[in-house]
file final_4.cif (mmCIF, C-alpha atoms and all ligand atoms)
data_model
loop_
_atom_site.group_PDB
_atom_site.id
_atom_site.type_symbol
_atom_site.label_atom_id
_atom_site.label_comp_id
_atom_site.auth_asym_id
_atom_site.auth_seq_id
_atom_site.Cartn_x
_atom_site.Cartn_y
_atom_site.Cartn_z
ATOM 1 C CA MET A 537 4.251 19.736 15.963
ATOM 2 C CA SER A 538 6.830 17.700 17.889
ATOM 3 C CA TYR A 539 7.606 15.153 15.198
ATOM 4 C CA GLU A 540 8.136 15.241 11.471
ATOM 5 C CA LEU A 541 7.928 12.490 8.851
ATOM 6 C CA ASN A 542 9.020 12.611 5.204
ATOM 7 C CA VAL A 543 6.537 10.808 2.982
ATOM 8 C CA ALA A 544 7.206 9.633 -0.598
ATOM 9 C CA HIS A 545 4.068 9.507 -2.725
ATOM 10 C CA LEU A 546 5.319 7.088 -5.374
ATOM 11 C CA TYR A 547 4.108 7.972 -8.884
ATOM 12 C CA GLY A 548 1.348 10.105 -7.348
ATOM 13 C CA ASP A 549 0.704 11.725 -10.755
ATOM 14 C CA LEU A 550 0.166 8.370 -12.512
ATOM 15 C CA MET A 551 -0.998 5.867 -9.926
ATOM 16 C CA ASN A 552 -4.057 7.569 -8.488
ATOM 17 C CA THR A 553 -7.262 5.718 -9.364
ATOM 18 C CA TYR A 554 -10.507 5.832 -7.390
ATOM 19 C CA GLY A 555 -9.405 8.662 -5.101
ATOM 20 C CA ASP A 556 -6.362 6.850 -3.728
ATOM 21 C CA VAL A 557 -4.812 10.281 -3.088
ATOM 22 C CA GLY A 558 -7.334 10.515 -0.227
ATOM 23 C CA ASN A 559 -4.954 8.246 1.665
ATOM 24 C CA ILE A 560 -2.557 11.170 1.917
ATOM 25 C CA LEU A 561 -5.374 13.339 3.339
ATOM 26 C CA ALA A 562 -6.166 10.626 5.880
ATOM 27 C CA LEU A 563 -2.499 10.258 6.856
ATOM 28 C CA ASN A 564 -2.352 14.021 7.416
ATOM 29 C CA TYR A 565 -5.545 13.931 9.481
ATOM 30 C CA TYR A 566 -4.252 11.230 11.826
ATOM 31 C CA ALA A 567 -0.704 12.617 11.881
ATOM 32 C CA LYS A 568 -1.988 15.970 13.196
ATOM 33 C CA GLN A 569 -3.742 14.218 16.053
ATOM 34 C CA MET A 570 -0.464 12.458 16.828
ATOM 35 C CA ASP A 571 1.490 15.737 16.979
ATOM 36 C CA VAL A 572 3.271 14.863 13.743
ATOM 37 C CA SER A 573 3.742 16.984 10.627
ATOM 38 C CA LEU A 574 4.121 15.279 7.251
ATOM 39 C CA ASN A 575 6.242 16.488 4.353
ATOM 40 C CA VAL A 576 4.751 14.755 1.332
ATOM 41 C CA LYS A 577 6.654 14.620 -1.956
ATOM 42 C CA VAL A 578 5.519 12.998 -5.186
ATOM 43 C CA VAL A 579 8.346 10.814 -6.537
ATOM 44 C CA SER A 580 7.603 10.013 -10.151
ATOM 45 C CA LEU A 581 9.243 9.139 -13.476
ATOM 46 C CA GLU A 582 12.992 9.728 -13.687
ATOM 47 C CA GLU A 583 13.084 11.080 -10.138
ATOM 48 C CA ASP A 584 15.346 9.678 -7.463
ATOM 49 C CA PHE A 585 13.987 7.663 -4.582
ATOM 50 C CA LYS A 586 16.612 7.414 -1.834
ATOM 51 C CA SER A 587 15.687 5.096 0.978
ATOM 52 C CA ALA A 588 17.393 7.292 3.586
ATOM 53 C CA ASP A 589 15.337 10.372 2.582
ATOM 54 C CA TYR A 590 11.948 8.943 3.574
ATOM 55 C CA ASP A 591 10.170 7.693 6.677
ATOM 56 C CA LEU A 592 6.968 6.497 4.989
ATOM 57 C CA ALA A 593 5.834 5.733 1.434
ATOM 58 C CA PHE A 594 2.527 5.448 -0.395
ATOM 59 C CA PHE A 595 1.996 3.811 -3.800
ATOM 60 C CA GLY A 596 -1.541 3.997 -5.246
ATOM 61 C CA GLY A 597 -3.424 2.033 -7.879
ATOM 62 C CA GLY A 598 -3.483 2.603 -11.613
ATOM 63 C CA GLN A 599 -4.897 1.589 -14.941
ATOM 64 C CA ASP A 600 -2.972 -0.904 -17.076
ATOM 65 C CA PHE A 601 -1.650 1.887 -19.341
ATOM 66 C CA GLU A 602 -0.079 3.809 -16.459
ATOM 67 C CA GLN A 603 1.226 0.562 -15.000
ATOM 68 C CA THR A 604 3.076 -0.171 -18.257
ATOM 69 C CA ILE A 605 4.993 3.107 -17.875
ATOM 70 C CA VAL A 606 5.583 2.751 -14.149
ATOM 71 C CA SER A 607 6.668 -0.888 -14.495
ATOM 72 C CA GLN A 608 9.664 0.289 -16.561
ATOM 73 C CA ASP A 609 10.637 3.287 -14.456
ATOM 74 C CA ILE A 610 10.326 1.527 -11.118
ATOM 75 C CA GLN A 611 13.157 -0.822 -12.091
ATOM 76 C CA THR A 612 15.508 2.157 -11.607
ATOM 77 C CA LYS A 613 14.193 2.520 -8.038
ATOM 78 C CA LYS A 614 14.168 -1.211 -7.294
ATOM 79 C CA ALA A 615 17.368 -1.314 -5.193
ATOM 80 C CA GLU A 616 16.447 1.673 -3.012
ATOM 81 C CA LEU A 617 12.825 0.634 -2.593
ATOM 82 C CA THR A 618 13.943 -2.860 -1.575
ATOM 83 C CA LYS A 619 16.400 -1.297 0.864
ATOM 84 C CA PHE A 620 13.607 0.842 2.334
ATOM 85 C CA ILE A 621 11.329 -2.184 2.741
ATOM 86 C CA GLU A 622 14.039 -4.459 4.153
ATOM 87 C CA SER A 623 15.025 -1.794 6.694
ATOM 88 C CA ASP A 624 11.424 -1.829 8.014
ATOM 89 C CA GLY A 625 10.288 1.272 6.148
ATOM 90 C CA PRO A 626 6.491 1.580 6.376
ATOM 91 C CA LEU A 627 4.803 1.538 2.983
ATOM 92 C CA LEU A 628 1.175 1.358 1.882
ATOM 93 C CA ALA A 629 0.588 -0.046 -1.618
ATOM 94 C CA ILE A 630 -2.824 -0.222 -3.246
ATOM 95 C CA CYS A 631 -3.997 -2.335 -6.169
ATOM 96 C CA GLY A 632 -1.645 -1.530 -9.100
ATOM 97 C CA GLY A 633 1.036 -0.464 -6.592
ATOM 98 C CA PHE A 634 0.581 -3.733 -4.703
ATOM 99 C CA GLN A 635 0.947 -5.653 -7.976
ATOM 100 C CA LEU A 636 4.179 -3.865 -8.980
ATOM 101 C CA LEU A 637 5.900 -4.549 -5.643
ATOM 102 C CA GLY A 638 5.645 -8.259 -6.529
ATOM 103 C CA HIS A 639 7.352 -10.249 -9.280
ATOM 104 C CA TYR A 640 5.060 -9.420 -12.193
ATOM 105 C CA TYR A 641 1.587 -8.351 -13.288
ATOM 106 C CA ILE A 642 -0.214 -9.710 -16.344
ATOM 107 C CA GLY A 643 -2.445 -7.008 -17.828
ATOM 108 C CA ALA A 644 -5.918 -7.427 -19.286
ATOM 109 C CA ASP A 645 -4.379 -7.719 -22.784
ATOM 110 C CA GLY A 646 -1.986 -10.487 -21.654
ATOM 111 C CA GLU A 647 1.131 -8.307 -21.494
ATOM 112 C CA LYS A 648 3.495 -9.316 -18.699
ATOM 113 C CA LEU A 649 4.771 -6.296 -16.759
ATOM 114 C CA PRO A 650 7.723 -6.818 -14.438
ATOM 115 C CA GLY A 651 7.401 -5.669 -10.840
ATOM 116 C CA ILE A 652 10.388 -5.216 -8.542
ATOM 117 C CA GLY A 653 10.044 -8.503 -6.665
ATOM 118 C CA ALA A 654 10.564 -6.780 -3.311
ATOM 119 C CA LEU A 655 7.628 -8.861 -2.098
ATOM 120 C CA ASP A 656 7.161 -12.459 -3.183
ATOM 121 C CA HIS A 657 3.699 -12.350 -4.824
ATOM 122 C CA TYR A 658 2.781 -12.466 -8.509
ATOM 123 C CA THR A 659 -0.374 -11.418 -10.371
ATOM 124 C CA LEU A 660 -2.143 -13.230 -13.205
ATOM 125 C CA ALA A 661 -4.860 -11.941 -15.538
ATOM 126 C CA GLN A 662 -8.531 -12.858 -15.438
ATOM 127 C CA ASP A 663 -10.293 -13.973 -18.566
ATOM 128 C CA HIS A 664 -12.453 -10.944 -19.555
ATOM 129 C CA ASN A 665 -13.528 -10.293 -15.998
ATOM 130 C CA ARG A 666 -12.929 -7.871 -13.136
ATOM 131 C CA PHE A 667 -13.661 -8.096 -9.432
ATOM 132 C CA ILE A 668 -15.765 -5.021 -8.681
ATOM 133 C CA GLY A 669 -17.687 -4.332 -5.508
ATOM 134 C CA ASN A 670 -17.717 -3.783 -1.776
ATOM 135 C CA ILE A 671 -15.434 -5.956 0.287
ATOM 136 C CA VAL A 672 -15.024 -6.711 3.989
ATOM 137 C CA ILE A 673 -12.062 -8.545 5.489
ATOM 138 C CA LYS A 674 -10.883 -9.473 8.953
ATOM 139 C CA ASN A 675 -7.292 -9.312 10.121
ATOM 140 C CA GLN A 676 -6.831 -12.425 12.266
ATOM 141 C CA GLU A 677 -3.826 -11.043 14.153
ATOM 142 C CA THR A 678 -5.368 -7.763 15.354
ATOM 143 C CA GLY A 679 -9.033 -8.750 15.177
ATOM 144 C CA GLU A 680 -9.670 -5.582 13.130
ATOM 145 C CA THR A 681 -12.297 -5.561 10.381
ATOM 146 C CA TYR A 682 -11.604 -3.493 7.265
ATOM 147 C CA HIS A 683 -14.120 -2.165 4.714
ATOM 148 C CA GLY A 684 -13.403 -1.143 1.148
ATOM 149 C CA PHE A 685 -14.241 -1.240 -2.534
ATOM 150 C CA GLU A 686 -12.291 -3.438 -4.940
ATOM 151 C CA ASN A 687 -11.961 -2.991 -8.698
ATOM 152 C CA HIS A 688 -9.243 -5.100 -10.307
ATOM 153 C CA GLN A 689 -8.723 -7.628 -13.002
ATOM 154 C CA GLY A 690 -5.471 -9.004 -11.581
ATOM 155 C CA LEU A 691 -5.393 -12.206 -9.528
ATOM 156 C CA THR A 692 -2.658 -12.053 -6.906
ATOM 157 C CA TYR A 693 -1.058 -15.040 -5.195
ATOM 158 C CA LEU A 694 0.978 -14.402 -2.060
ATOM 159 C CA GLY A 695 4.468 -15.806 -1.593
ATOM 160 C CA LYS A 696 7.041 -16.483 1.065
ATOM 161 C CA ASP A 697 6.924 -14.431 4.266
ATOM 162 C CA GLU A 698 3.744 -12.598 3.236
ATOM 163 C CA ARG A 699 0.669 -12.707 5.442
ATOM 164 C CA PRO A 700 -2.670 -11.503 4.108
ATOM 165 C CA LEU A 701 -3.926 -8.107 5.285
ATOM 166 C CA GLY A 702 -7.069 -10.009 6.139
ATOM 167 C CA ASN A 703 -9.301 -12.937 5.336
ATOM 168 C CA VAL A 704 -12.265 -12.235 3.078
ATOM 169 C CA VAL A 705 -15.603 -11.972 4.876
ATOM 170 C CA SER A 706 -17.451 -10.802 1.773
ATOM 171 C CA GLY A 707 -16.127 -9.874 -1.676
ATOM 172 C CA LYS A 708 -13.357 -11.433 -3.758
ATOM 173 C CA GLY A 709 -9.940 -10.365 -2.444
ATOM 174 C CA ASN A 710 -6.575 -11.292 -3.948
ATOM 175 C CA ASN A 711 -7.762 -13.976 -6.323
ATOM 176 C CA GLY A 712 -11.317 -15.027 -5.463
ATOM 177 C CA GLU A 713 -10.256 -18.503 -4.396
ATOM 178 C CA ASP A 714 -7.930 -18.657 -1.397
ATOM 179 C CA GLY A 715 -9.820 -16.233 0.871
ATOM 180 C CA THR A 716 -6.882 -13.840 1.275
ATOM 181 C CA GLU A 717 -6.911 -10.078 0.716
ATOM 182 C CA GLY A 718 -3.835 -7.874 0.494
ATOM 183 C CA ALA A 719 -0.486 -8.583 2.056
ATOM 184 C CA ILE A 720 1.660 -7.661 5.023
ATOM 185 C CA TYR A 721 5.439 -7.986 4.886
ATOM 186 C CA LYS A 722 7.555 -6.299 7.568
ATOM 187 C CA ASN A 723 6.010 -2.773 7.712
ATOM 188 C CA VAL A 724 4.540 -2.972 4.199
ATOM 189 C CA TYR A 725 0.757 -3.048 3.926
ATOM 190 C CA CYS A 726 -0.748 -3.970 0.562
ATOM 191 C CA SER A 727 -4.402 -4.110 -0.430
ATOM 192 C CA TYR A 728 -6.848 -4.018 -3.303
ATOM 193 C CA PHE A 729 -9.042 -1.623 -1.303
ATOM 194 C CA HIS A 730 -9.971 1.740 -2.698
ATOM 195 C CA GLY A 731 -12.401 3.926 -0.887
ATOM 196 C CA PRO A 732 -9.710 5.227 -0.149
ATOM 197 C CA ILE A 733 -8.563 2.585 2.307
ATOM 198 C CA LEU A 734 -7.271 4.887 5.069
ATOM 199 C CA THR A 735 -10.355 7.085 5.282
ATOM 200 C CA ARG A 736 -12.456 4.039 6.047
ATOM 201 C CA ASN A 737 -9.876 2.080 8.019
ATOM 202 C CA GLY A 738 -8.052 4.508 10.288
ATOM 203 C CA ASP A 739 -6.395 1.668 12.204
ATOM 204 C CA ILE A 740 -4.147 1.011 9.210
ATOM 205 C CA ALA A 741 -3.160 4.712 9.089
ATOM 206 C CA LYS A 742 -2.303 4.466 12.781
ATOM 207 C CA HIS A 743 -0.166 1.326 12.311
ATOM 208 C CA LEU A 744 1.774 2.999 9.484
ATOM 209 C CA LEU A 745 2.357 6.259 11.358
ATOM 210 C CA VAL A 746 3.350 4.600 14.631
ATOM 211 C CA ALA A 747 5.758 2.270 12.792
ATOM 212 C CA ALA A 748 7.312 5.279 11.034
ATOM 213 C CA LEU A 749 7.648 7.216 14.314
ATOM 214 C CA GLN A 750 9.213 4.294 16.192
ATOM 215 C CA ARG A 751 11.692 3.739 13.372
ATOM 216 C CA LYS A 752 12.697 7.405 13.128
ATOM 217 C CA TYR A 753 12.692 8.221 16.864
ATOM 218 C CA PRO A 754 13.727 4.946 18.552
ATOM 219 C CA ASP A 755 14.184 6.583 21.982
ATOM 220 C CA ALA A 756 10.765 8.252 22.157
ATOM 221 C CA ASP A 757 7.619 6.738 23.659
ATOM 222 C CA PHE A 758 4.708 6.559 21.244
ATOM 223 C CA SER A 759 2.254 4.632 23.422
ATOM 224 C CA GLN A 760 -0.096 7.652 23.409
ATOM 225 C CA GLN A 761 -0.085 7.774 19.606
ATOM 226 C CA ALA A 762 -0.642 4.012 19.454
ATOM 227 C CA ALA A 763 -3.666 4.412 21.742
ATOM 228 C CA LEU A 764 -5.307 7.086 19.543
ATOM 229 C CA PRO A 765 -8.989 6.194 19.238
ATOM 230 C CA ILE A 766 -10.080 5.532 15.677
ATOM 231 C CA PRO A 767 -13.689 6.532 14.968
ATOM 232 C CA ALA A 768 -15.884 3.777 13.592
ATOM 233 C CA THR A 769 -17.016 4.775 10.118
ATOM 234 C CA PHE A 770 -19.936 2.361 10.002
HETATM 235 N N1 LIG A 801 -4.813 -2.319 -13.543
HETATM 236 C C1 LIG A 801 -4.833 -3.209 -12.424
HETATM 237 C C2 LIG A 801 -5.936 -4.245 -12.511
HETATM 238 O O1 LIG A 801 -6.873 -4.059 -13.229
HETATM 239 C C3 LIG A 801 -4.930 -2.432 -11.123
HETATM 240 C C4 LIG A 801 -6.241 -1.723 -10.969
HETATM 241 C C5 LIG A 801 -6.228 -0.694 -9.875
HETATM 242 O O2 LIG A 801 -5.179 -0.247 -9.430
HETATM 243 N N2 LIG A 801 -7.403 -0.276 -9.486
HETATM 244 O O3 LIG A 801 -5.879 -5.255 -11.845
#
call {"tool": "encode", "arguments": {"input": "final_4.cif", "output": "structure tokens"}}
result
Amino acid sequence: MSYELNVAHLYGDLMNTYGDVGNILALNYYAKQMDVSLNVKVVSLEEDFKSADYDLAFFGGGQDFEQTIVSQDIQTKKAELTKFIESDGPLLAICGGFQLLGHYYIGADGEKLPGIGALDHYTLAQDHNRFIGNIVIKNQETGETYHGFENHQGLTYLGKDERPLGNVVSGKGNNGEDGTEGAIYKNVYCSYFHGPILTRNGDIAKHLLVAALQRKYPDADFSQQAALPIPATF
């Protein structure tokens, strides 16, 4: 392989609901086609995350119990994760991971868990309800349509400088009322989609990998990688 990317799988042993680890398999699948090898490392509790060590990061979803633990530990990684994000580091965050990148998450039992506030959203609790089911959204900027499965109780409201990953075509999305789903900030992609998201929406895997390659190898030409055809899964 001509290129190499170091990938941090944040809390991969705790934040891994609904097959989110499949996103790593999908990243590997597309990376191979792009002549890129991935070195994936799980970065979990009491382990260092150094912004300079990684080219790409993935943060999956989790149950409220795991989120309680991760919410505490991630405060020790807040400065470096914020540095990674602000320096255009590509990151994919799903569901519970998405929630903890924002200001706070209120769990099903009403407990308020701090996030790291690297992104400007916050997440409230639903009253004895979850959003569960298939979801389809459309990204207005790229025209791409994304398919997934959502299962969350949290209601997320986007903040400053965040654009939605897409507008809800069918399903509930961030909060069931403003028609947004997920978030994009710099090279950070957030979503409530399981499925896992990258196996069903290869375009997002491509955006993440190309962003990581351009950032790590600024003098190389990745137009071929950016033109990689993504098979339609439906
Ligand atoms: N525990 C969170 C919620 O219920 C996140 C769920 C998830 O990651 N699937 O909203």
call {"tool": "atom_distance", "arguments": {"input": "final_4.cif", "atom1": "atom CA of Ser538 of chain A", "atom2": "atom CA of Leu617 of chain A"}}
result
27.3 Å
call {"tool": "closest_residue", "arguments": {"input": "final_4.cif", "among": "A:Val557, A:Tyr539, A:Asp584, A:Phe729", "to": "ligand LIG 801 (chain A)", "atoms": "all atoms listed in the file"}}
result
A:Phe729
call {"tool": "closest_residue", "arguments": {"input": "final_4.cif", "among": "A:Gly558, A:Gly548, A:Gly643, A:Gly718", "to": "ligand LIG 801 (chain A)", "atoms": "all atoms listed in the file"}}
result
A:Gly643
call {"tool": "axis_aligned_box", "arguments": {"input": "final_4.cif", "around": "segment 682-693 of chain A", "padding_each_side": "3 Å", "output": "AutoDock Vina command-line options"}}
result
--center_x -7.6 --center_y -8.1 --center_z -2.9 --size_x 19.2 --size_y 19.9 --size_z 26.3
call {"tool": "residues_near_ligand", "arguments": {"input": "final_4.cif", "ligand": "ligand LIG 801 (chain A)", "cutoff": "8 Å", "atoms": "all atoms listed in the file", "output": "MDAnalysis selection string"}}
result
chainID A and resid 551:554 596:601 603 630:633 635 643:644 661 666 686:691 728 730
call {"tool": "write_last_selection", "arguments": {"input": "final_4.cif", "atoms": "C-alpha atoms", "output": "short mmCIF file (atom, residue, chain, number, x, y, z; two decimals), in the coordinates of the input"}}
result
data_model
loop_
_atom_site.label_atom_id
_atom_site.label_comp_id
_atom_site.auth_asym_id
_atom_site.auth_seq_id
_atom_site.Cartn_x
_atom_site.Cartn_y
_atom_site.Cartn_z
CA MET A 551 -1.00 5.87 -9.93
CA ASN A 552 -4.06 7.57 -8.49
CA THR A 553 -7.26 5.72 -9.36
CA TYR A 554 -10.51 5.83 -7.39
CA GLY A 596 -1.54 4.00 -5.25
CA GLY A 597 -3.42 2.03 -7.88
CA GLY A 598 -3.48 2.60 -11.61
CA GLN A 599 -4.90 1.59 -14.94
CA ASP A 600 -2.97 -0.90 -17.08
CA PHE A 601 -1.65 1.89 -19.34
CA GLN A 603 1.23 0.56 -15.00
CA ILE A 630 -2.82 -0.22 -3.25
CA CYS A 631 -4.00 -2.34 -6.17
CA GLY A 632 -1.64 -1.53 -9.10
CA GLY A 633 1.04 -0.46 -6.59
CA GLN A 635 0.95 -5.65 -7.98
CA GLY A 643 -2.44 -7.01 -17.83
CA ALA A 644 -5.92 -7.43 -19.29
CA ALA A 661 -4.86 -11.94 -15.54
CA ARG A 666 -12.93 -7.87 -13.14
CA GLU A 686 -12.29 -3.44 -4.94
CA ASN A 687 -11.96 -2.99 -8.70
CA HIS A 688 -9.24 -5.10 -10.31
CA GLN A 689 -8.72 -7.63 -13.00
CA GLY A 690 -5.47 -9.00 -11.58
CA LEU A 691 -5.39 -12.21 -9.53
CA TYR A 728 -6.85 -4.02 -3.30
CA HIS A 730 -9.97 1.74 -2.70
#
call {"tool": "resolve_selection", "arguments": {"input": "final_4.cif", "expression": "the PyMOL selection byres (((chain A and resi 726) around 12) and not hetatm)", "output": "PyMOL selection string"}}
result
chain A and resi 593-597+626-638+655+657+692+694+698-702+709-710+716-725+727-730+733-734+740+744
call {"tool": "atom_distance", "arguments": {"input": "final_4.cif", "atom1": "atom CA of Ser623 of chain A", "atom2": "atom CA of Leu574 of chain A"}}
result
20.3 Å
call {"tool": "closest_residue", "arguments": {"input": "final_4.cif", "among": "A:Asp591, A:Ile642, A:Ala544, A:Ile560", "to": "Lys752 of chain A", "atoms": "all atoms listed in the file"}}
result
A:Asp591
call {"tool": "residues_around", "arguments": {"input": "final_4.cif", "residues": "Tyr566 of chain A", "least_positions_apart": "6", "cutoff": "8 Å", "atoms": "all atoms listed in the file", "output": "PyMOL selection string"}}
result
chain A and resi 738+741-742
call {"tool": "atom_distance", "arguments": {"input": "final_4.cif", "atom1": "atom CA of Lys613 of chain A", "atom2": "atom CA of Ala748 of chain A"}}
result
20.5 Å
call {"tool": "residues_around", "arguments": {"input": "final_4.cif", "residues": "Tyr547 of chain A", "least_positions_apart": "6", "cutoff": "8 Å", "atoms": "only C-alpha atoms", "output": "MDAnalysis selection string"}}
result
chainID A and resid 578:581 595:596 606
call {"tool": "closest_residue", "arguments": {"input": "final_4.cif", "among": "A:Ser607, A:Asn675, A:Gln569, A:Thr618", "to": "Lys648 of chain A", "atoms": "all atoms listed in the file"}}
result
A:Ser607
